[in-house]
Amino acid sequence: MKDKISVIVPCYRVENYIDRCLKSLEEQTYGMENLELILIDDASGDGTYDHLLRFEAKYPENVLVIACEHNAGPGTARNIGLRYATGNYIAFVDADDIADRFMFERMCSSMKEYAVDIVECGYRPFSDGEELLVEKRESDRLMIVGSPKERGCFILNSFRTAVWGRLYQKKFLEENALFFPETITYGEDNFFSGLAMLLCGSCYHMGDTLYHYYRNEQGLIRRQNDDGRIRQLADIMELYLLQLSERGFLDGAMTGYAAEFEWYMIYKYFMDPVSFIISRQMPDWKEQVRYFREKLLQYFPTAAKNPYLNWDKRWGDYVLLLNNDSL
């Protein structure tokens with residue numbers, strides 16, 4: 001008998017996409033009988049909930065639909081899913097994405113073979129009408145994270161933000177009390193993945209692109225006001241650092257990989273938002289950049305001297321911005 005996988009799918013106004021997502025889960029070679037699909041309708045207000053109910057009626061033993069009374073964002077929806085999950089393994093799938101039919105079977109096989117906390121696969125973005133391909137973009141690799149040096153290498157080279165395209169040991173999530181922040185509607189995966197990055201002891205990366213990420217031009221991150229959306233990353237950074245402080249990480253626990261962690265924070269909470277601000281050609285870009293610069297330097301005052309900023313010449317512009325007091 002196969003171990004049960006709980007698949008948590010937050011759904012918000014996805015009536016045009018949810019059926020193809022559910023079909024990709026229904027067709028998993030791992031078997032619907034071995035899946036527990038937890039579908040959370042985040043007060044969509046369109047036809048999403050009806051689609052979910054029809055799927056639940058088709059598989060009443062394996063599908064649970066939960067309706068939220070008020071829209072609270074994907075973080076809250078995922079936390080609800082975690083509370084209901086009974087599987088040995090946990091996976092998150094976005095409602096407009098598609099999982100390759102072999103994804104869970106292959107992930108579970110690697111999980112058993114290597115006994116790791118997390119298995120992740122490659123992903124490939126796609127647009128409407130585009131053929132879905134499984135490609136070998138990277139080599140498979142097993143990452144054991146036992147020493148500070150190994151943790152530093154893991155931070156630099158091996159961990160992405162998105163929570164989808166992964167299989168987690170439920171025991172790992174429970175023992176480390178991993179959760180999503182519920183006060184913010186964008187960037188909640190930064191928080192969750194940032195904790196997992198510092199807490200997991202092992203991860204297996206599969207180079208095949210078994211998860212297909214939809215470029216949804218009408219999606220949540222594009223519908224929100226740019227200014228409000230992007231500034232939530234600074235709020236996430238502060239919540240994340242507060243959580244790390246409560247867990248004792250900021251009291252010398254990062255000795256041996258402090259520079260790598262600082263680089264991670266520079267990349268996620270300065271470079272990422274600044275890149276977005278510039279790409280959107282925001283008229284108040286200087287004010288926006290100044291906001292993130294001040295937030296970062298409040299916690300990492302010597303960030304502009306981080307040794308990893310010399311990795312790539314592309315970081316030069318960010319170094320200039322970090323050192324620019326006149327913004």
# chains A, B, ... in the order shown; residues from 1 in each chain; ligands from 1
call {"tool": "residues_around", "arguments": {"residues": "Arg231 in chain A", "least_positions_apart": "4", "cutoff": "12 Å", "atoms": "only C-alpha atoms", "output": "compact mmCIF listing (two decimals) with N, CA and C atoms, in the first residue's frame"}}
result
# COMPACT_ATOMS: atom_id res chain seq x y z
N ILE A 184 -0.88 38.76 5.42
CA ILE A 184 -0.38 39.29 4.16
C ILE A 184 -0.89 38.43 3.02
N THR A 185 -1.19 39.05 1.89
CA THR A 185 -1.77 38.32 0.77
C THR A 185 -0.78 38.05 -0.35
N TYR A 186 0.46 38.52 -0.22
CA TYR A 186 1.47 38.23 -1.24
C TYR A 186 2.83 38.01 -0.56
N GLY A 187 3.57 37.02 -1.03
CA GLY A 187 4.90 36.76 -0.51
C GLY A 187 4.93 35.78 0.64
N GLN A 224 -3.18 42.91 -8.12
CA GLN A 224 -3.04 43.81 -6.99
C GLN A 224 -2.35 45.09 -7.41
N ASN A 225 -2.64 46.15 -6.68
CA ASN A 225 -1.94 47.41 -6.88
C ASN A 225 -0.44 47.18 -6.70
N ASP A 226 0.37 47.63 -7.68
CA ASP A 226 1.79 47.37 -7.65
C ASP A 226 2.44 47.86 -6.36
N ASP A 227 2.10 49.07 -5.95
CA ASP A 227 2.71 49.65 -4.76
C ASP A 227 2.38 48.81 -3.53
N ASP A 235 7.16 43.70 4.64
CA ASP A 235 6.44 43.20 5.82
C ASP A 235 6.78 41.74 6.07
N ILE A 236 6.87 40.95 4.99
CA ILE A 236 7.25 39.55 5.12
C ILE A 236 8.65 39.42 5.70
N MET A 237 9.57 40.27 5.24
CA MET A 237 10.93 40.23 5.76
C MET A 237 10.94 40.44 7.27
N GLU A 238 10.18 41.40 7.75
CA GLU A 238 10.16 41.68 9.18
C GLU A 238 9.51 40.54 9.97
N TYR A 269 14.85 40.27 -0.60
CA TYR A 269 14.12 41.42 -0.06
C TYR A 269 14.67 42.77 -0.50
N PHE A 270 15.64 42.75 -1.42
CA PHE A 270 16.06 44.00 -2.05
C PHE A 270 16.13 43.83 -3.57
N ASP A 272 15.02 41.38 -5.59
CA ASP A 272 13.75 40.96 -6.19
C ASP A 272 12.75 42.11 -6.31
N PRO A 273 12.46 42.81 -5.20
CA PRO A 273 11.49 43.92 -5.33
C PRO A 273 12.00 45.06 -6.20
N VAL A 274 13.30 45.38 -6.13
CA VAL A 274 13.84 46.46 -6.95
C VAL A 274 13.75 46.10 -8.43
N PHE A 276 11.52 44.19 -9.77
CA PHE A 276 10.11 44.34 -10.14
C PHE A 276 9.76 45.81 -10.35
N ILE A 277 10.18 46.65 -9.44
CA ILE A 277 9.89 48.09 -9.51
C ILE A 277 10.41 48.69 -10.81
N GLU A 287 11.41 56.47 -4.77
CA GLU A 287 10.80 56.34 -3.44
C GLU A 287 10.65 54.87 -3.06
N GLN A 288 10.24 54.05 -4.02
CA GLN A 288 10.07 52.63 -3.74
C GLN A 288 11.39 51.96 -3.40
N VAL A 289 12.42 52.25 -4.20
CA VAL A 289 13.74 51.66 -3.94
C VAL A 289 14.27 52.12 -2.60
N ARG A 290 14.07 53.39 -2.29
CA ARG A 290 14.52 53.92 -1.00
C ARG A 290 13.84 53.20 0.15
N TYR A 291 12.58 52.89 -0.01
CA TYR A 291 11.82 52.19 1.03
C TYR A 291 12.45 50.83 1.33
N PHE A 292 12.77 50.06 0.28
CA PHE A 292 13.35 48.73 0.49
C PHE A 292 14.81 48.83 0.95
N ARG A 293 15.52 49.83 0.48
CA ARG A 293 16.89 50.02 0.93
C ARG A 293 16.94 50.27 2.42
N LYS A 295 14.66 49.54 4.67
CA LYS A 295 14.20 48.37 5.41
C LYS A 295 15.33 47.34 5.55
call {"tool": "residues_around", "arguments": {"residues": "range 41-53 of chain A", "least_positions_apart": "6", "cutoff": "10 Å", "atoms": "only C-alpha atoms", "output": "list in words"}}
result
Val9, Pro10, Cys11, Tyr12, Arg13, Val14, Glu15, Asn16, Tyr17, Ile18, Asp19, Leu22, Tyr59, Pro60, Val63, Leu64, Val65, Ile66, Ala67, Cys68, Glu69, His70, Asn71, Ala72, Gly73, Pro74, Thr76 and Ala77 of chain A
call {"tool": "residues_around", "arguments": {"residues": "Val134 in chain A", "least_positions_apart": "5", "cutoff": "10 Å", "atoms": "only C-alpha atoms", "output": "VMD selection string"}}
result
chain A and resid 100 122 to 124 207 to 212
call {"tool": "write_last_selection", "arguments": {"atoms": "all heavy atoms", "output": "PDB file, in the first residue's frame"}}
result
ATOM      1  N   ASP A 100       2.706  17.268 -13.984  1.00  0.00           N
ATOM      2  CA  ASP A 100       2.926  16.133 -14.882  1.00  0.00           C
ATOM      3  C   ASP A 100       2.381  14.869 -14.237  1.00  0.00           C
ATOM      4  O   ASP A 100       2.465  14.688 -13.010  1.00  0.00           O
ATOM      5  CB  ASP A 100       4.418  15.980 -15.173  1.00  0.00           C
ATOM      6  CG  ASP A 100       4.697  14.835 -16.125  1.00  0.00           C
ATOM      7  OD1 ASP A 100       4.526  15.026 -17.338  1.00  0.00           O
ATOM      8  OD2 ASP A 100       5.058  13.734 -15.634  1.00  0.00           O
ATOM      9  N   GLY A 122      12.034  20.100 -11.057  1.00  0.00           N
ATOM     10  CA  GLY A 122      12.132  21.294 -11.869  1.00  0.00           C
ATOM     11  C   GLY A 122      10.759  21.754 -12.316  1.00  0.00           C
ATOM     12  O   GLY A 122       9.781  21.001 -12.270  1.00  0.00           O
ATOM     13  N   TYR A 123      10.678  22.990 -12.739  1.00  0.00           N
ATOM     14  CA  TYR A 123       9.404  23.533 -13.220  1.00  0.00           C
ATOM     15  C   TYR A 123       9.626  24.296 -14.512  1.00  0.00           C
ATOM     16  O   TYR A 123      10.749  24.703 -14.839  1.00  0.00           O
ATOM     17  CB  TYR A 123       8.760  24.439 -12.165  1.00  0.00           C
ATOM     18  CG  TYR A 123       9.506  25.736 -11.923  1.00  0.00           C
ATOM     19  CD1 TYR A 123       9.163  26.901 -12.622  1.00  0.00           C
ATOM     20  CD2 TYR A 123      10.548  25.811 -11.009  1.00  0.00           C
ATOM     21  CE1 TYR A 123       9.846  28.088 -12.415  1.00  0.00           C
ATOM     22  CE2 TYR A 123      11.233  26.988 -10.792  1.00  0.00           C
ATOM     23  CZ  TYR A 123      10.876  28.126 -11.500  1.00  0.00           C
ATOM     24  OH  TYR A 123      11.571  29.306 -11.294  1.00  0.00           O
ATOM     25  N   ARG A 124       8.540  24.473 -15.217  1.00  0.00           N
ATOM     26  CA  ARG A 124       8.607  25.165 -16.503  1.00  0.00           C
ATOM     27  C   ARG A 124       7.374  26.051 -16.655  1.00  0.00           C
ATOM     28  O   ARG A 124       6.250  25.553 -16.572  1.00  0.00           O
ATOM     29  CB  ARG A 124       8.651  24.145 -17.643  1.00  0.00           C
ATOM     30  CG  ARG A 124       8.840  24.734 -19.029  1.00  0.00           C
ATOM     31  CD  ARG A 124       8.932  23.615 -20.070  1.00  0.00           C
ATOM     32  NE  ARG A 124       9.235  24.116 -21.391  1.00  0.00           N
ATOM     33  CZ  ARG A 124       8.311  24.550 -22.250  1.00  0.00           C
ATOM     34  NH1 ARG A 124       7.038  24.526 -21.910  1.00  0.00           N
ATOM     35  NH2 ARG A 124       8.654  24.993 -23.448  1.00  0.00           N
ATOM     36  N   GLY A 207      15.961  17.059 -11.553  1.00  0.00           N
ATOM     37  CA  GLY A 207      16.165  18.046 -12.602  1.00  0.00           C
ATOM     38  C   GLY A 207      15.077  18.114 -13.651  1.00  0.00           C
ATOM     39  O   GLY A 207      14.988  19.089 -14.403  1.00  0.00           O
ATOM     40  N   ASP A 208      14.220  17.099 -13.732  1.00  0.00           N
ATOM     41  CA  ASP A 208      13.149  17.087 -14.729  1.00  0.00           C
ATOM     42  C   ASP A 208      12.069  18.110 -14.380  1.00  0.00           C
ATOM     43  O   ASP A 208      11.700  18.279 -13.212  1.00  0.00           O
ATOM     44  CB  ASP A 208      12.508  15.705 -14.805  1.00  0.00           C
ATOM     45  CG  ASP A 208      13.425  14.689 -15.456  1.00  0.00           C
ATOM     46  OD1 ASP A 208      14.453  15.098 -16.022  1.00  0.00           O
ATOM     47  OD2 ASP A 208      13.117  13.489 -15.394  1.00  0.00           O
ATOM     48  N   THR A 209      11.534  18.763 -15.401  1.00  0.00           N
ATOM     49  CA  THR A 209      10.477  19.766 -15.211  1.00  0.00           C
ATOM     50  C   THR A 209       9.127  19.061 -15.154  1.00  0.00           C
ATOM     51  O   THR A 209       8.435  18.914 -16.160  1.00  0.00           O
ATOM     52  CB  THR A 209      10.493  20.798 -16.354  1.00  0.00           C
ATOM     53  OG1 THR A 209      10.387  20.092 -17.613  1.00  0.00           O
ATOM     54  CG2 THR A 209      11.777  21.597 -16.351  1.00  0.00           C
ATOM     55  N   LEU A 210       8.757  18.653 -13.957  1.00  0.00           N
ATOM     56  CA  LEU A 210       7.516  17.904 -13.751  1.00  0.00           C
ATOM     57  C   LEU A 210       6.364  18.787 -13.285  1.00  0.00           C
ATOM     58  O   LEU A 210       5.242  18.293 -13.113  1.00  0.00           O
ATOM     59  CB  LEU A 210       7.752  16.784 -12.729  1.00  0.00           C
ATOM     60  CG  LEU A 210       8.830  15.768 -13.109  1.00  0.00           C
ATOM     61  CD1 LEU A 210       9.059  14.789 -11.960  1.00  0.00           C
ATOM     62  CD2 LEU A 210       8.455  15.023 -14.383  1.00  0.00           C
ATOM     63  N   TYR A 211       6.629  20.060 -13.075  1.00  0.00           N
ATOM     64  CA  TYR A 211       5.578  20.992 -12.635  1.00  0.00           C
ATOM     65  C   TYR A 211       5.518  22.130 -13.650  1.00  0.00           C
ATOM     66  O   TYR A 211       6.544  22.714 -14.019  1.00  0.00           O
ATOM     67  CB  TYR A 211       5.886  21.540 -11.244  1.00  0.00           C
ATOM     68  CG  TYR A 211       4.751  22.335 -10.623  1.00  0.00           C
ATOM     69  CD1 TYR A 211       3.828  21.727  -9.782  1.00  0.00           C
ATOM     70  CD2 TYR A 211       4.603  23.691 -10.878  1.00  0.00           C
ATOM     71  CE1 TYR A 211       2.787  22.445  -9.211  1.00  0.00           C
ATOM     72  CE2 TYR A 211       3.567  24.418 -10.320  1.00  0.00           C
ATOM     73  CZ  TYR A 211       2.663  23.793  -9.487  1.00  0.00           C
ATOM     74  OH  TYR A 211       1.629  24.515  -8.928  1.00  0.00           O
ATOM     75  N   HIS A 212       4.297  22.440 -14.094  1.00  0.00           N
ATOM     76  CA  HIS A 212       4.093  23.466 -15.121  1.00  0.00           C
ATOM     77  C   HIS A 212       3.395  24.673 -14.502  1.00  0.00           C
ATOM     78  O   HIS A 212       2.238  24.589 -14.081  1.00  0.00           O
ATOM     79  CB  HIS A 212       3.274  22.891 -16.274  1.00  0.00           C
ATOM     80  CG  HIS A 212       3.874  21.646 -16.869  1.00  0.00           C
ATOM     81  ND1 HIS A 212       4.964  21.663 -17.702  1.00  0.00           N
ATOM     82  CD2 HIS A 212       3.542  20.335 -16.708  1.00  0.00           C
ATOM     83  CE1 HIS A 212       5.276  20.422 -18.051  1.00  0.00           C
ATOM     84  NE2 HIS A 212       4.429  19.605 -17.459  1.00  0.00           N
TER      85      HIS A 212
END
call {"tool": "closest_residue", "arguments": {"among": "A:Lys112, A:Arg215, A:Arg166, A:His205", "to": "Ser127 in chain A", "atoms": "only C-alpha atoms"}}
result
A:Arg215
call {"tool": "atom_distance", "arguments": {"atom1": "CA of Leu178 in chain A", "atom2": "CA of Met265 in chain A"}}
result
19.1 Å
call {"tool": "residues_around", "arguments": {"residues": "Val116 in chain A", "least_positions_apart": "2", "cutoff": "9 Å", "atoms": "only C-alpha atoms", "output": "number ranges by chain"}}
result
A: 110-114, 118-119, 142-144, 168-169, 200-204
call {"tool": "write_last_selection", "arguments": {"atoms": "all heavy atoms", "output": "compact mmCIF listing (two decimals), in the first residue's frame"}}
result
# COMPACT_ATOMS: atom_id res chain seq x y z
N SER A 110 11.63 8.95 -4.86
CA SER A 110 12.86 9.57 -4.38
C SER A 110 12.83 9.82 -2.89
O SER A 110 13.84 9.66 -2.19
CB SER A 110 13.11 10.89 -5.13
OG SER A 110 13.33 10.67 -6.50
N MET A 111 11.66 10.18 -2.38
CA MET A 111 11.51 10.39 -0.94
C MET A 111 11.83 9.12 -0.17
O MET A 111 12.54 9.14 0.84
CB MET A 111 10.08 10.86 -0.64
CG MET A 111 9.80 11.15 0.82
SD MET A 111 10.54 12.71 1.40
CE MET A 111 9.35 13.91 0.79
N LYS A 112 11.34 8.01 -0.66
CA LYS A 112 11.58 6.73 0.01
C LYS A 112 13.03 6.28 -0.15
O LYS A 112 13.65 5.76 0.79
CB LYS A 112 10.63 5.67 -0.54
CG LYS A 112 9.19 5.81 -0.08
CD LYS A 112 8.34 4.70 -0.66
CE LYS A 112 6.95 4.73 -0.07
NZ LYS A 112 6.94 4.44 1.37
N GLU A 113 13.58 6.47 -1.35
CA GLU A 113 14.93 6.00 -1.61
C GLU A 113 15.97 6.75 -0.79
O GLU A 113 16.92 6.14 -0.26
CB GLU A 113 15.26 6.14 -3.10
CG GLU A 113 16.65 5.67 -3.46
CD GLU A 113 16.93 5.73 -4.95
OE1 GLU A 113 16.01 6.10 -5.72
OE2 GLU A 113 18.07 5.40 -5.34
N TYR A 114 15.79 8.08 -0.66
CA TYR A 114 16.82 8.89 -0.01
C TYR A 114 16.45 9.34 1.41
O TYR A 114 17.28 9.91 2.11
CB TYR A 114 17.14 10.11 -0.88
CG TYR A 114 17.68 9.73 -2.24
CD1 TYR A 114 16.86 9.78 -3.37
CD2 TYR A 114 18.98 9.27 -2.38
CE1 TYR A 114 17.36 9.41 -4.62
CE2 TYR A 114 19.48 8.91 -3.63
CZ TYR A 114 18.66 8.98 -4.73
OH TYR A 114 19.15 8.60 -5.96
N ILE A 118 12.61 16.85 2.13
CA ILE A 118 11.95 17.50 1.00
C ILE A 118 12.46 16.92 -0.31
O ILE A 118 13.66 16.68 -0.47
CB ILE A 118 12.20 19.03 1.00
CG1 ILE A 118 11.70 19.67 2.29
CG2 ILE A 118 11.54 19.69 -0.21
CD1 ILE A 118 12.14 21.12 2.46
N VAL A 119 11.55 16.68 -1.25
CA VAL A 119 11.91 16.38 -2.63
C VAL A 119 11.33 17.48 -3.50
O VAL A 119 10.17 17.87 -3.32
CB VAL A 119 11.36 15.01 -3.08
CG1 VAL A 119 11.61 14.80 -4.58
CG2 VAL A 119 11.99 13.89 -2.28
N LEU A 142 21.45 15.05 -4.49
CA LEU A 142 21.08 14.85 -3.10
C LEU A 142 21.86 15.84 -2.25
O LEU A 142 23.09 15.92 -2.36
CB LEU A 142 21.40 13.42 -2.68
CG LEU A 142 21.24 13.09 -1.19
CD1 LEU A 142 19.79 13.21 -0.76
CD2 LEU A 142 21.78 11.69 -0.91
N MET A 143 21.14 16.59 -1.40
CA MET A 143 21.78 17.60 -0.56
C MET A 143 21.55 17.25 0.91
O MET A 143 20.42 17.25 1.38
CB MET A 143 21.21 18.98 -0.88
CG MET A 143 21.52 19.45 -2.30
SD MET A 143 20.43 20.76 -2.87
CE MET A 143 18.97 19.84 -3.33
N ILE A 144 22.63 16.92 1.59
CA ILE A 144 22.59 16.67 3.02
C ILE A 144 23.09 17.93 3.72
O ILE A 144 24.18 18.42 3.41
CB ILE A 144 23.46 15.46 3.41
CG1 ILE A 144 23.03 14.22 2.63
CG2 ILE A 144 23.38 15.21 4.92
CD1 ILE A 144 21.60 13.80 2.88
N TYR A 168 6.84 17.34 0.78
CA TYR A 168 7.39 17.51 2.12
C TYR A 168 7.01 16.33 3.00
O TYR A 168 5.87 15.83 2.93
CB TYR A 168 6.83 18.78 2.78
CG TYR A 168 7.06 20.06 2.04
CD1 TYR A 168 6.19 20.47 1.03
CD2 TYR A 168 8.12 20.90 2.37
CE1 TYR A 168 6.38 21.67 0.35
CE2 TYR A 168 8.32 22.11 1.70
CZ TYR A 168 7.46 22.48 0.69
OH TYR A 168 7.64 23.67 0.03
N GLN A 169 7.92 15.89 3.82
CA GLN A 169 7.57 14.95 4.88
C GLN A 169 6.66 15.69 5.86
O GLN A 169 7.01 16.75 6.37
CB GLN A 169 8.82 14.49 5.63
CG GLN A 169 9.70 13.53 4.86
CD GLN A 169 9.33 12.08 5.09
OE1 GLN A 169 8.30 11.77 5.68
NE2 GLN A 169 10.18 11.19 4.61
N CYS A 200 15.52 22.34 7.32
CA CYS A 200 15.57 20.99 6.76
C CYS A 200 16.99 20.44 6.82
O CYS A 200 17.98 21.18 6.72
CB CYS A 200 15.03 20.96 5.33
SG CYS A 200 16.16 21.54 4.08
N GLY A 201 17.07 19.13 6.99
CA GLY A 201 18.36 18.48 7.07
C GLY A 201 18.77 17.78 5.80
O GLY A 201 19.92 17.37 5.65
N SER A 202 17.84 17.67 4.85
CA SER A 202 18.15 16.98 3.60
C SER A 202 17.10 17.32 2.55
O SER A 202 15.94 17.55 2.86
CB SER A 202 18.21 15.47 3.82
OG SER A 202 17.01 15.00 4.40
N CYS A 203 17.54 17.32 1.31
CA CYS A 203 16.64 17.64 0.19
C CYS A 203 17.16 16.93 -1.05
O CYS A 203 18.37 16.84 -1.28
CB CYS A 203 16.60 19.15 -0.03
SG CYS A 203 15.57 19.71 -1.41
N TYR A 204 16.23 16.40 -1.83
CA TYR A 204 16.61 15.78 -3.10
C TYR A 204 16.00 16.58 -4.24
O TYR A 204 14.79 16.81 -4.27
CB TYR A 204 16.14 14.33 -3.18
CG TYR A 204 16.69 13.60 -4.39
CD1 TYR A 204 17.99 13.14 -4.39
CD2 TYR A 204 15.90 13.40 -5.52
CE1 TYR A 204 18.52 12.49 -5.49
CE2 TYR A 204 16.42 12.75 -6.64
CZ TYR A 204 17.72 12.29 -6.61
OH TYR A 204 18.25 11.66 -7.72
call {"tool": "residues_around", "arguments": {"residues": "Asp325 in chain A", "least_positions_apart": "2", "cutoff": "10 Å", "atoms": "only C-alpha atoms", "output": "number ranges by chain"}}
result
A: 290, 293-294, 320-323, 327
call {"tool": "select_by_dssp", "arguments": {"residues": "range 85-147 of chain A", "states": "alpha helix (DSSP H)", "output": "number ranges by chain"}}
result
A: 103-114
call {"tool": "residues_around", "arguments": {"residues": "Ala304 in chain A", "least_positions_apart": "3", "cutoff": "10 Å", "atoms": "only C-alpha atoms", "output": "list of chain:residue names"}}
result
A:Trp263, A:Ile266, A:Leu297, A:Phe300, A:Pro301, A:Pro307, A:Tyr308, A:Leu309, A:Tyr318, A:Val319, A:Leu320, A:Leu321, A:Leu322, A:Asn323
call {"tool": "residues_around", "arguments": {"residues": "Tyr240 in chain A", "least_positions_apart": "4", "cutoff": "12 Å", "atoms": "only C-alpha atoms", "output": "list in words"}}
result
Leu178, Phe179, Phe180, Pro181, Gly187, Glu188, Asp189, Asn190, Phe191, Phe192, Ser193, Gly194, Leu195, Ala196, Leu198, Leu233, Ala234, Asp235, Ile236, Leu244, Ser245, Glu246, Arg247, Phe249, Leu250, Met265, Lys268, Tyr269 and Tyr299 of chain A
call {"tool": "select_by_dssp", "arguments": {"residues": "range 21-225 of chain A", "states": "strand (DSSP E)", "output": "PyMOL selection string"}}
result
chain A and resi 35-41+63-67+89-92+98-99+118-126+141-144+166-169+202-214
call {"tool": "closest_residue", "arguments": {"among": "A:Ser147, A:Gln28, A:Thr86, A:Asn157", "to": "Met107 in chain A", "atoms": "only C-alpha atoms"}}
result
A:Gln28
call {"tool": "atom_distance", "arguments": {"atom1": "CA of Tyr214 in chain A", "atom2": "CA of Asp97 in chain A"}}
result
5.2 Å
call {"tool": "atom_distance", "arguments": {"atom1": "CA of Ile5 in chain A", "atom2": "CA of Met197 in chain A"}}
result
21.5 Å
call {"tool": "closest_residue", "arguments": {"among": "A:Ile38, A:Ile230, A:Met206, A:Ala303", "to": "Phe92 in chain A", "atoms": "only C-alpha atoms"}}
result
A:Ile38
call {"tool": "decode", "arguments": {"residues": "range 78-85 of chain A", "atoms": "all heavy atoms", "output": "compact mmCIF listing (two decimals), in the first residue's frame"}}
result
# COMPACT_ATOMS: atom_id res chain seq x y z
N ARG A 78 -3.66 27.85 2.79
CA ARG A 78 -2.71 26.75 2.94
C ARG A 78 -2.64 26.29 4.39
O ARG A 78 -2.49 25.09 4.67
CB ARG A 78 -1.33 27.16 2.42
CG ARG A 78 -1.29 27.32 0.90
CD ARG A 78 0.12 27.59 0.43
NE ARG A 78 0.19 27.73 -1.02
CZ ARG A 78 0.66 28.80 -1.65
NH1 ARG A 78 1.12 29.82 -0.95
NH2 ARG A 78 0.68 28.85 -2.97
N ASN A 79 -2.70 27.22 5.33
CA ASN A 79 -2.70 26.83 6.74
C ASN A 79 -3.93 25.97 7.08
O ASN A 79 -3.84 25.01 7.84
CB ASN A 79 -2.67 28.06 7.64
CG ASN A 79 -1.29 28.68 7.73
OD1 ASN A 79 -0.29 28.04 7.46
ND2 ASN A 79 -1.24 29.94 8.12
N ILE A 80 -5.06 26.34 6.51
CA ILE A 80 -6.27 25.54 6.71
C ILE A 80 -6.04 24.13 6.16
O ILE A 80 -6.36 23.12 6.80
CB ILE A 80 -7.48 26.20 6.01
CG1 ILE A 80 -7.87 27.49 6.74
CG2 ILE A 80 -8.68 25.23 5.98
CD1 ILE A 80 -8.91 28.32 6.01
N GLY A 81 -5.46 24.05 4.97
CA GLY A 81 -5.18 22.75 4.38
C GLY A 81 -4.24 21.91 5.25
O GLY A 81 -4.45 20.71 5.40
N LEU A 82 -3.24 22.54 5.83
CA LEU A 82 -2.30 21.82 6.70
C LEU A 82 -3.01 21.26 7.92
O LEU A 82 -2.66 20.16 8.39
CB LEU A 82 -1.16 22.76 7.13
CG LEU A 82 -0.11 23.06 6.07
CD1 LEU A 82 0.84 24.16 6.56
CD2 LEU A 82 0.69 21.81 5.70
N ARG A 83 -3.99 21.98 8.43
CA ARG A 83 -4.70 21.49 9.62
C ARG A 83 -5.54 20.25 9.30
O ARG A 83 -5.77 19.41 10.17
CB ARG A 83 -5.59 22.61 10.18
CG ARG A 83 -4.81 23.73 10.83
CD ARG A 83 -5.68 24.58 11.74
NE ARG A 83 -6.67 25.35 11.00
CZ ARG A 83 -6.45 26.57 10.52
NH1 ARG A 83 -5.26 27.16 10.68
NH2 ARG A 83 -7.40 27.22 9.89
N TYR A 84 -6.01 20.14 8.08
CA TYR A 84 -6.86 19.00 7.69
C TYR A 84 -6.06 17.83 7.11
O TYR A 84 -6.58 16.72 7.02
CB TYR A 84 -7.90 19.44 6.65
CG TYR A 84 -9.09 20.15 7.24
CD1 TYR A 84 -9.10 21.53 7.42
CD2 TYR A 84 -10.23 19.43 7.63
CE1 TYR A 84 -10.19 22.19 7.96
CE2 TYR A 84 -11.33 20.08 8.18
CZ TYR A 84 -11.30 21.46 8.34
OH TYR A 84 -12.39 22.10 8.88
N ALA A 85 -4.81 18.06 6.74
CA ALA A 85 -4.04 17.04 6.04
C ALA A 85 -3.74 15.84 6.93
O ALA A 85 -3.33 15.99 8.08
CB ALA A 85 -2.73 17.64 5.54
